[in-house]
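Scroll down for the structure; my scribbles are underneath it.
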Amino acid sequence: MEGWLYTIRSNRIGSQFSRKCYFILHNNVLKSYKATPISEEEEPVRSAIIDSCIRVTDDGRASINKKVFFIFTIYSTSVDNEQLKLGATSSEDAARWIRCLKDSALKESPCLAKNFSAPPKKIWSSLRLTNSKRTHSKDSVHWPFHSSVHAEAMTSDVVAPSPWKIFGCQNGLRLFKESKDKNTRGWHWNDIPAIMAVGVVDGTSEAIFRVVMSLGPSRSEWDFCLYHGSVVEHVDGHTDIIHKKLYSDWLPWGMKRRDLLLQRYWRREDDGTYVILYHSASHKKCPPHNGYVRARLKSGGYVITPVNNGKQSLVKHMLAIDWKFWKFYLRTPAARSLTIRMLERVAALRELFKAKQGNYPPECLSMEWTSDAHLPQLEKEDIKIDTQSPEETIKIEEDVLMEVEAAKPPSGRVSLLRLNQEPDEFFDVPEADEFLDYDRLERDWSPEPSSPPKITSAAGLVRKLHGLATQKKGYTELQEVAREDSIVFSYGTSLQKDPTFTSPCSWSAGDPSSFLIRSKTYLKDNRKIKANGTSMQMVGADWLISDKREDDLGSRVGGIVQKYAERGGPEFFFVINMQIPGSPTYTLALYYMIKTPIEDHPLLNKFVNGDDAYRNSRFKLIPYISKGSWIVKQSVGKKACLLGQALNTRYFRGKNYLEADIDVGSSTVAQGVANLVLGYLNNLVVEMAFIIQGNTQEELPETLLGTCRLNHLDQSKAHVAMP
């Protein structure tokens, strides 16, 4: 793959700047040029090998000197502080580079020489002169990368019934309501109807994503609900806090205006699907406004999936809003009516793209895409996720209520830092028309500028999203419990087992037939089949809290693994240790055991005794939220993921066990999902399946390593980790 990218660095005074370079990725070598090379023999300015130690993380979007970039970071797991941060001008370009770099890291290139060395260091002082008028050379070499750009919607790897039931069609949109669980009660005064509108829009998923994310004046072309929108805080490249004031003219006459303060999270799937999720939050910089009643969004968002080879997109828009009505008997019909009215924006979006013939200019980028750098980074007390209905009484005129009721590095390896070297920090590549002056275009919509934001660490993100109460109270309790030493457990037994699925904060083995695995003919027809069993048996689980990472639980004296080791039997354990960093750190450990020698299972034996690169290329997770909020289900998904490629994973090999310690905080995307899940944890049933991926005909069909089902975990019931 090849193309223009921007290296993102910080100068001596701490400000970020970008530098435009031409990159080529070929035969596991990433090369950087000042201009488009006219031949394959042209010497690059710098280069680096992409090997099995290389990881790529998606850092989301950022604004640098009024230019919007989609950032990704390339780093090495073998060398500390070795990383290269790059930016692309579109999310699709960034996604293609991320995929190609990850694929290269999984492959062993035959062209890599042991004595590979970098070209001599050069000064790029002439870049400003040589690049300003340079055009793309017709003689340059290209490698195609279109295979996954317009892939159809990713199929789920979980067999599960749909939670949605259609109840009508309006303005060309299908309308669905969320089905109730069998064991739940009917509607009561606190119920908020969850409704979804589904329609097809004649536009690419990326173009629709940009329009939906915009809060600027261009939104007035399709969103008849929004009067004014602004960004309160930019948390990271995938998460921000936004404030929306709604028009009153689409509400029933006399009804007070509503506004929403939301946490917004987005991500892009491998098939080009964009997921945008919202839920209410509180923020000290945005208290309730005079003249407005603050509605509460329980969950909502968009799922924008490319169809018809990417020419069209299937848009799903879901909302579950508490409009804060005063009268109990009007609550459900009024909420349903207003929510459906708001969902009709999908029809307006469809007509907008039809009028634009599927295209939309880059002006649709909203003000927050260019003004993020001027937004203040606030303290951890500023943000609080609103997961419970606040108690408040709203006075609304009686006639209005009645109207609403009626209405509806190895040796020789080249360091990534060589690609990052740059002596001139204080100029950028001149651009003609590639970037517009969004600051001028969106000036009236921008929040007040402030000091540049500080970089938010993964631990800081955890504190902001779910640690407000836990930091102040939970950490004290952690020390108190530690002093009291009142709870004693052995590792592998701290979480109780409940095969009946009825006890809260418990585990059991999941149903293997709920998960899809590669069939014997997968390499020919990509067909997947239901799993019919597991090769290992789940025998224990831990749910722990600590002020640090808890590594290598399998070696802890008195634990279930060491008890079996003392017996000297053939039993072998695989421990999966998921670590969610923060203050405090939560640890979920799952223990799987096989009673027969691992030599009798060739693929498992190869995985256990292989190196980390092999393990990372094969260790796969299928997640599934079987019971829980729509927003959590969408954030987690139901698609298999290679854990070792997405997250930093360390392996510990003992006499009778292998342990994989997974750092959830090593990815901002995974950290954001984990934060959201923690906020709803005691209302969720989480299911997971683990697989050693089969890549050759001899390794197919696949077999599940093991499954688990976690029933309504509770942060307050996590055990304090012992030395």
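Residues in the structure tokens are named by chain (A, B, ... in the order shown) and by number from 1 within that chain; ligands are numbered from 1 in the order shown.
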
task = Using only C-alpha atoms, determine which residues lie at most 12 Å from Asn171 of chain A, disregarding the query and same-chain residues fewer than 5 positions distant; provide the list as an MDAnalysis selection string.
result = chainID A and resid 197:200 340:341 343:351

key: In segment 272-336 of chain A, DSSP strand (DSSP E) residues written as a ChimeraX atom specification   = /A:274-283,292-294,296-307,312-322

request  = List every residue of segment 8-121 of chain A that DSSP, applied to the backbone of this structure, places in alpha helix (DSSP H), and write the result as a ChimeraX atom specification.
outcome  = /A:91-106

Using only C-alpha atoms, I'd like a table of the residues in segment 534-595 of chain A that come within 12 Å of segment 604-613 of chain A; for each, show the closest atom pair and its distance in Å rounded to one decimal, ordered by chain and ascending number, as a Markdown table.
| residue | atom | partner | partner_atom | distance |
| --- | --- | --- | --- | --- |
| A:Thr534 | CA | A:Leu604 | CA | 12.0 |
| A:Ser535 | CA | A:Leu604 | CA | 8.9 |
| A:Met536 | CA | A:Leu604 | CA | 10.0 |
| A:Phe572 | CA | A:Val608 | CA | 10.2 |
| A:Phe573 | CA | A:Val608 | CA | 10.2 |
| A:Phe574 | CA | A:Val608 | CA | 8.8 |
| A:Val575 | CA | A:Val608 | CA | 11.5 |
| A:Ile594 | CA | A:Leu604 | CA | 10.4 |

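Here the question is which of A:Val664, A:Met196, A:Ala646, A:Ile576 gets nearest to Ile54 of chain A using only C-alpha atoms, and that residue is A:Ala646.
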